There are 2 protein chains.
Amino acid sequence: MARIVMKFGGTSMAGIERIRHVADRVRREAEAGNQVAVVVSAMAGETDRLVQLCREAAALYDPREYDVVVASGEQVTSGLLAITLQGMGIKARSYMGWQLPIRASGHVSALIEEIDVDVLERVFAEDGIAVIPGFQGVTGEGALATLGRGGSDTSAVALAVAMKADRCDIYTDVDGVYTTDPRIVPKARKLDLVTYEEMLELASVGAKVLQTRSVGLAMRFNLPLQVLSSFEDRPGTMIVSEDALEGKQMERNVVTGIAHDLNEARVTLAGLPDRPGAVAAVFAPLAAANINVDMIVQSVARAGEPSDLTFTVPTASLPHTVAELERVRGAVGFTDLLTDTDVVKVSAVGVGMRSNAGIAAKMFDTLAERGINILAITTSEIKVSVLIPEDYTELAVRVLHTAFGLDARPEQAA
Amino acid sequence: MARIVMKFGGTSMAGIERIRHVADRVRREAEAGNQVAVVVSAMAGETDRLVQLCREAAALYDPREYDVVVASGEQVTSGLLAITLQGMGIKARSYMGWQLPIRASGHVSALIEEIDVDVLERVFAEDGIAVIPGFQGVTGEGALATLGRGGSDTSAVALAVAMKADRCDIYTDVDGVYTTDPRIVPKARKLDLVTYEEMLELASVGAKVLQTRSVGLAMRFNLPLQVLSSFEDRPGTMIVSEDALEGKQMERNVVTGIAHDLNEARVTLAGLPDRPGAVAAVFAPLAAANINVDMIVQSVARAGEPSDLTFTVPTASLPHTVAELERVRGAVGFTDLLTDTDVVKVSAVGVGMRSNAGIAAKMFDTLAERGINILAITTSEIKVSVLIPEDYTELAVRVLHTAFGLDARPEQAA
C-alpha cells in the first residue's frame with residue numbers, strides 16, 4: 001500500500017467525459033490498495049475566462065477579489081469529480097482549501113504556509129478518497145487565496161509533502177518532459193529521468209509541464225515526482241535528485257533540453273541618471289509589488305551621463321510594472337519608458353553544464369550563424385538563457401537542439 | 001439615511017457591461033447617504049450550466065457536492081462586482097456565505113438559520129459596501145450549502161432582516177409584478193401594490209419574479225419589498241401587508257392576477273389497494289426525501305377495490321420521486337406508475353377572493369367553454385388552481401385574464 005497524490009490538469013478535466021476518464025484512473029489506484037488524494041485544476045480555458053472577466057471589470061483589479069473570482073474554477077471540477085467517483089460507487093468527497101484548511105499568505109500568487117491533514121487522515125482511515133481543488137488556499141484572515149497560474153502543481157506537491165505521500169503523480173496532456181517542445185522540433189526526445197534542478201530551469205523558462213514552485217518544493221522534501229499522460233497508459237518522466245541519477249545514465253548529454261518562454265516582456269528605461277541608488281529606486285517598488293524581474297542589462301555610459309536600463313518581467317505583470325514605474329518616474333528621473341512583448345527567452349539547460357564553460361559560447365555562435373540578434377543574456381550554474389526577437393523562436397530552438405546533439409535518431413523520435 | 005439591501009438577478013449580472021450598470025445603481029444609492037449591502041445572483045445561464053454538469057456527472061448526484069459546484073456562480077459575480085465598484089473609487093468588498101457566515105441547514109434547498117452581521121456592521125461603520133453572493137450559505141459542519149433555485153431572493157431578504165434594513169429592493173429583468181405574463185397577454189397590467197399573500201401565491205404558481213420563500217420571509221418580518229427593473233429608471237411594484245393596502249386601492253379587482261407554472265409533473269399510481277395507510281405509505285417516503293407534493297386527486301372506487309392516485313411534484317423532483325416510489329412499490333402494492341410532464345398549473349389569485357365563492361365556478365365555466373379539460377384542482381383562501389394539458393397554457397391564461405376583468409384599457413397596456 002502506498003500513499004499517493006494524483007494531480008490532473010485542466011485538459012484532463014475539460015468536460016464530464018474526461019472527468020469520467022480521470023475517475024477511472026483514480027479508481028485503479030484506489031483498487032490497487034493505495035491511499036489516494038486527488039488534486040484538480042479548473043477546466044481548460046476556465047481560469048483564462050475568469051481572469052479576463054477580472055481584467056474587464058477593472059484594469060487594476062483588487063488581488064483579493066481576483067482570488068475570489070478565479071478560485072471558483074477548481075471548486076467546480078473538484079465537486080464534479082467527487083460526484084463522478086461516487087457514481088462509480090467510490091467513497092469520495094471534496095474539500096475546499098478553506099475547509100481543510102490549506103493556509104496561504106498573500107493574494108494572486110500566494111504561498112502555502114501550512115496544510116492541516118487531520119481531515120485527510122480521517123478520510124484515509126475510512127478508505128475514502130479526498131478530492132481537493134488545486135490553486136487555492138485561505139489566508140489567516142479567512143480570505144480566499146490563489147497560488148498563481150499553474151498553482152495546482154504546487155498544491156499537489158505541498159499536499160503530498162504534508163500527508164507524507166510516497167509519490168506525487170502529475171497527470172497532464174503530454175506524456176513526459178521532452179528535450180524541447182515537440183511541436184517545434186519533431187525530433188525532440190522524451191526524457192526518462194530529469195533532476196529537480198534541470199526541471200526547475202526547464203519549467204522556469206517555459207517548458208510548461210510543471211509549475212516551477214512545485215518542483216522546488218518537491219526537491220526540498222526529496223519527494224518523487226512523476227509527469228505522465230492522463231490520456232495514454234505509458235510511463236512518463238520521473239523527476240529525481242541528482243544523487244538518484246548516478247549510475248543510471250552513463251552517457252547523458254551535457255545539455256538536457258532547450259526551453260523557450262514567450263511570456264516575457266522587455267522594459268527599457270531610457271535616460272536613467274547616473275546617480276547612486278538610481279537602479280535601486282527602479283527595482284524597489286517592483287519588488288514591493290511582487291513583480292519578478294528577470295534579465296537585467298544596463299548600458300555602460302560615461303560617468304555622470306544618463307544610461308539605459310533594460311530588464312524583463314512576466315507579460316502578465318507588465319501593466320502593474322508600468323503603473324509602478326510611472327508612479328516613481330519623478331523620483332527616479334528617467335526620460336522614456338519603452339515596452340516590448342515581442343520577445344522570447346530561449347534557454348539551454350543541463351546539470352552537466354557546470355563543468356562545461358563552452359556551452360554559452362557554442363550557443364552564441366550557433367545563433368549568430370543564423371543572424372539572430374541577442375537582446376539580453378542570463379546564466380545560472382545549469383542554464384544559459386538569451387532574449388531574442390519572438391519571430392526567431394522556432395528557428396533558434398531547432399538550431400540549438402541540433403547543435404547540442406539532442407535530436408533523436410529516426411527510431412527514437414516522438 | 002436608510003439601510004438598504006439591493007439584490008440583482010442573473011440577467012442584471014450577465015457580463016461586465018451589465019455589472020458596470022449595476023455598480024452605477026449601487027453607487028447612486030450609496031451617494032445618497034444610504035448604507036448598502038448588495039446581493040448578487042450568478043450570471044444568467046451559469047447555474048443551469050453548472051446543474052447540467054452535475055447531472056452529466058451522475059444521474060443521482062450527491063447534494064453536498066452539487067452545492068460545491070453550483071455555489072461557484074455567485075462567487076464569481078460577487079468578486080466581479082466588488083472589483084467593478086472599486087474601479088469606480090467605491091470602497092467595496094465581497095463576503096462569501098461561509099465568511100460572514102450565513103448559517104444554513106441542509107443541501108440543494110438549504111434553509112437559512114442565522115446570519116452573523118458583525119462583519120457587515122464594521123463595513124457600514126467604515127462607509128463601505130458589502131457584496132454578498134446570493135444562493136449560498138455554510139452548514140454547521142462547514143460544508144457549502146445552496147438555497148434552491150431563486151435562492152438569492154431569500155438571501156437578500158434574510159440579510160435585510162438580519163441587518164434590520166429599511167427596505168429590500170429586488171432588481172430584475174422585469175419592471176414589476178404583472179396581472180399575468182405579458183408575453184402571453186399583451187394587455188397585462190403592472191401592479192403598483194400587491195400583498196405578501198398574493199405575491200406568495202403568484203410566485204408559487206410560476207410568476208417567477210421572486211422566490212416564494214423570500215416573500216414568506218419578508219411577510220413574517222413585515223419587511224418592505226420592492227421589485228423593480230435594473231435596466232429602466234421607473235417605480236416597480238411594492239409588496240406590502242394587507243393592512244398597508246387599506247384605503248389605497250378602493251376599487252381593487254377580486255382577482256389580482258393569473259399565473260401559470262409549467263414546472264409541474266403529474267404522477268399517477270394505478271391499482272392502489274384500498275387498505276388503511278396505503279396513501280400514507282406513498283407520501284411518507286416522498287416527504288422524507290423533501291419532495292413537495294402539490295395537487296392530489298384520488299379516484300373514488302368501490303370499497304375494497306383498488307383505486308388510482310394522481311398528484312403533482314416539481315418537474316425537477318420527478319426522477320427522485322420515481323426512484324422513491326419504485327423503492328416502496330412492493331410494500332405499497334400499486335400496479336402501474338405513470339408520469340406526465342406535459343401539464344401546466346394555471347391559477348387565479350387575489351385577496352378579495354375570500355368573500356367570493358363564485359370565482360372557482362367562473363374559472364371552470366370559462367375553461368369549459370373553450371373545451372379545456374381540467375386534470376386536477378386545488379384551492380386556497382386566495383387562490384384557485386387547475387392542472388390542464390400544457391398545449392392550452394396561453395389560451396387558458398388569456399381567457400381567464402379577460403374573464404376576471406384584468407385586461408388593460410388600450411391606454412394602460414404594458
# chains A, B, ... in the order shown; residues from 1 in each chain; ligands from 1

$ interface_residues --of "chain B" --to "chain A" --cutoff "8 Å" --atoms "only C-alpha atoms" --output "ChimeraX atom specification"
/B:16,20,50,53-54,56-62,65-66,68-70,72-73,75-84,86-87,93-94,99,142-143

$ residues_around --residues "region 4-12 of chain A" --least-positions-apart "2" --cutoff "7 Å" --atoms "only C-alpha atoms" --output "PyMOL selection string"
chain A and resi 2+14+18-19+22+34-44+156+160+165-173+230

$ select_by_dssp --residues "region 65-211 of chain A" --states "strand (DSSP E)" --output "short mmCIF file (atom, residue, chain, number, x, y, z; two decimals) with N, CA and C atoms, in the first residue's frame"
data_model
loop_
_atom_site.label_atom_id
_atom_site.label_comp_id
_atom_site.auth_asym_id
_atom_site.auth_seq_id
_atom_site.Cartn_x
_atom_site.Cartn_y
_atom_site.Cartn_z
N ALA A 92 -16.06 9.15 -2.07
CA ALA A 92 -15.23 10.32 -2.36
C ALA A 92 -15.94 11.56 -1.88
N ARG A 93 -15.16 12.55 -1.49
CA ARG A 93 -15.72 13.84 -1.07
C ARG A 93 -14.74 14.93 -1.41
N SER A 94 -15.27 16.10 -1.71
CA SER A 94 -14.38 17.24 -2.00
C SER A 94 -14.14 18.03 -0.72
N ILE A 102 -6.05 24.75 3.84
CA ILE A 102 -4.73 24.98 3.27
C ILE A 102 -4.42 26.45 3.53
N ARG A 103 -3.56 26.70 4.53
CA ARG A 103 -3.26 28.09 4.89
C ARG A 103 -2.28 28.68 3.90
N ALA A 104 -2.57 29.88 3.43
CA ALA A 104 -1.69 30.54 2.46
C ALA A 104 -1.58 32.01 2.82
N SER A 105 -0.48 32.62 2.38
CA SER A 105 -0.32 34.04 2.65
C SER A 105 -0.25 34.77 1.33
N LEU A 111 1.57 32.09 -1.14
CA LEU A 111 2.45 30.99 -0.75
C LEU A 111 1.73 30.10 0.25
N ILE A 112 1.87 28.78 0.06
CA ILE A 112 1.26 27.86 1.01
C ILE A 112 2.10 27.87 2.29
N GLU A 113 1.44 28.04 3.43
CA GLU A 113 2.17 28.07 4.70
C GLU A 113 2.04 26.77 5.47
N GLU A 114 0.86 26.18 5.41
CA GLU A 114 0.62 25.01 6.23
C GLU A 114 -0.63 24.31 5.71
N ILE A 115 -0.59 22.98 5.73
CA ILE A 115 -1.78 22.21 5.36
C ILE A 115 -2.15 21.31 6.53
N ILE A 129 -11.67 8.64 -0.55
CA ILE A 129 -10.79 9.41 -1.42
C ILE A 129 -11.13 10.88 -1.26
N ALA A 130 -10.11 11.69 -1.09
CA ALA A 130 -10.32 13.13 -0.95
C ALA A 130 -10.03 13.81 -2.27
N VAL A 131 -10.95 14.67 -2.71
CA VAL A 131 -10.73 15.45 -3.93
C VAL A 131 -10.53 16.90 -3.50
N ILE A 132 -9.41 17.46 -3.90
CA ILE A 132 -9.04 18.79 -3.41
C ILE A 132 -8.79 19.73 -4.58
N PRO A 133 -9.46 20.89 -4.58
CA PRO A 133 -9.20 21.85 -5.65
C PRO A 133 -7.76 22.37 -5.56
N GLN A 136 -5.77 26.84 -4.76
CA GLN A 136 -6.42 27.72 -3.78
C GLN A 136 -6.06 27.40 -2.34
N GLY A 137 -6.15 28.41 -1.51
CA GLY A 137 -5.97 28.25 -0.08
C GLY A 137 -6.78 29.33 0.62
N VAL A 138 -6.51 29.51 1.92
CA VAL A 138 -7.22 30.53 2.67
C VAL A 138 -6.20 31.28 3.53
N LEU A 144 -10.13 34.05 0.62
CA LEU A 144 -9.67 33.11 -0.40
C LEU A 144 -8.35 33.60 -0.97
N ALA A 145 -7.45 32.65 -1.24
CA ALA A 145 -6.17 32.99 -1.84
C ALA A 145 -5.91 32.03 -2.99
N THR A 146 -5.29 32.52 -4.06
CA THR A 146 -4.87 31.60 -5.13
C THR A 146 -3.36 31.68 -5.29
N ARG A 167 4.56 9.37 -3.24
CA ARG A 167 4.76 9.78 -4.63
C ARG A 167 3.71 10.82 -4.99
N CYS A 168 4.09 11.71 -5.88
CA CYS A 168 3.11 12.65 -6.43
C CYS A 168 3.11 12.50 -7.95
N ASP A 169 1.99 12.07 -8.50
CA ASP A 169 1.89 11.86 -9.94
C ASP A 169 1.13 13.03 -10.57
N ILE A 170 1.80 13.69 -11.52
CA ILE A 170 1.18 14.82 -12.18
C ILE A 170 0.69 14.36 -13.56
N TYR A 171 -0.62 14.20 -13.70
CA TYR A 171 -1.20 13.78 -14.98
C TYR A 171 -1.48 15.02 -15.81
N THR A 172 -1.04 14.97 -17.07
CA THR A 172 -1.18 16.16 -17.89
C THR A 172 -1.47 15.77 -19.33
N VAL A 177 8.45 14.82 -19.96
CA VAL A 177 9.27 16.01 -20.21
C VAL A 177 10.16 15.71 -21.42
N TYR A 178 10.16 16.61 -22.37
CA TYR A 178 10.91 16.41 -23.60
C TYR A 178 12.16 17.29 -23.64
N LYS A 190 11.63 12.19 -25.50
CA LYS A 190 11.12 12.19 -24.14
C LYS A 190 12.24 11.75 -23.20
N LEU A 191 12.37 12.44 -22.07
CA LEU A 191 13.39 12.10 -21.08
C LEU A 191 12.79 11.15 -20.05
N LEU A 193 14.35 10.40 -17.18
CA LEU A 193 14.76 10.94 -15.88
C LEU A 193 15.27 12.37 -16.07
N VAL A 194 14.84 13.28 -15.23
CA VAL A 194 15.49 14.59 -15.15
C VAL A 194 15.70 14.89 -13.68
N THR A 195 16.65 15.75 -13.40
CA THR A 195 16.87 16.10 -12.00
C THR A 195 15.93 17.26 -11.64
#

$ select_by_dssp --residues "region 137-272 of chain B" --states "helix (DSSP H, G or I)" --output "number ranges by chain"
B: 151-162, 196-204, 212-220, 242-245

$ atom_distance --atom1 "CA of Ile377 (chain A)" --atom2 "CA of Ala270 (chain A)"
19.1 Å

$ closest_residue --among "B:Glu46, B:Asp308, B:Glu201, B:Asp294" --to "Val255 (chain B)" --atoms "only C-alpha atoms"
B:Glu201

$ residues_around --residues "Arg370 (chain A)" --least-positions-apart "3" --cutoff "9 Å" --atoms "only C-alpha atoms" --output "count of residues only"
6

$ residues_around --residues "Ser229 (chain A)" --least-positions-apart "3" --cutoff "8 Å" --atoms "only C-alpha atoms" --output "compact mmCIF listing (two decimals) with C-alpha atoms, in the first residue's frame"
# COMPACT_ATOMS: atom_id res chain seq x y z
CA TYR A 171 -1.20 13.78 -14.98
CA THR A 172 -1.18 16.16 -17.89
CA ASP A 173 -1.78 16.43 -21.62
CA VAL A 174 1.79 15.47 -22.51
CA ASP A 175 3.36 12.12 -21.66
CA GLY A 176 6.50 13.47 -20.04
CA GLU A 232 -2.24 7.27 -22.55
CA ASP A 233 -1.14 4.34 -20.45
CA ARG A 234 2.62 4.52 -20.50
CA GLY A 236 6.18 9.26 -18.01

$ residues_around --residues "Val351 (chain A)" --least-positions-apart "4" --cutoff "9 Å" --atoms "only C-alpha atoms" --output "list in words"
Thr195, Glu197, Glu198, Glu242, Val254, Val255, Thr256, Ser355, Glu381, Ile382 and Lys383 of chain A

$ closest_residue --among "A:His320, A:Arg189, A:His21, A:Arg49" --to "Asp407 (chain A)" --atoms "only C-alpha atoms"
A:Arg189

$ atom_distance --atom1 "CA of Gly106 (chain B)" --atom2 "CA of Gly140 (chain B)"
9.5 Å

$ closest_residue --among "B:Val123, B:Ala360, B:Val227, B:Met353" --to "Gln211 (chain B)" --atoms "only C-alpha atoms"
B:Val227

$ closest_residue --among "A:Leu225, A:Val293, A:Val344, A:Ala303" --to "Pro273 (chain A)" --atoms "only C-alpha atoms"
A:Ala303

$ residues_around --residues "Ala348 (chain B)" --least-positions-apart "5" --cutoff "12 Å" --atoms "only C-alpha atoms" --output "MDAnalysis selection string"
chainID B and resid 179:180 198:199 201:202 205:207 253:261 353 359:364 377:386 396:406
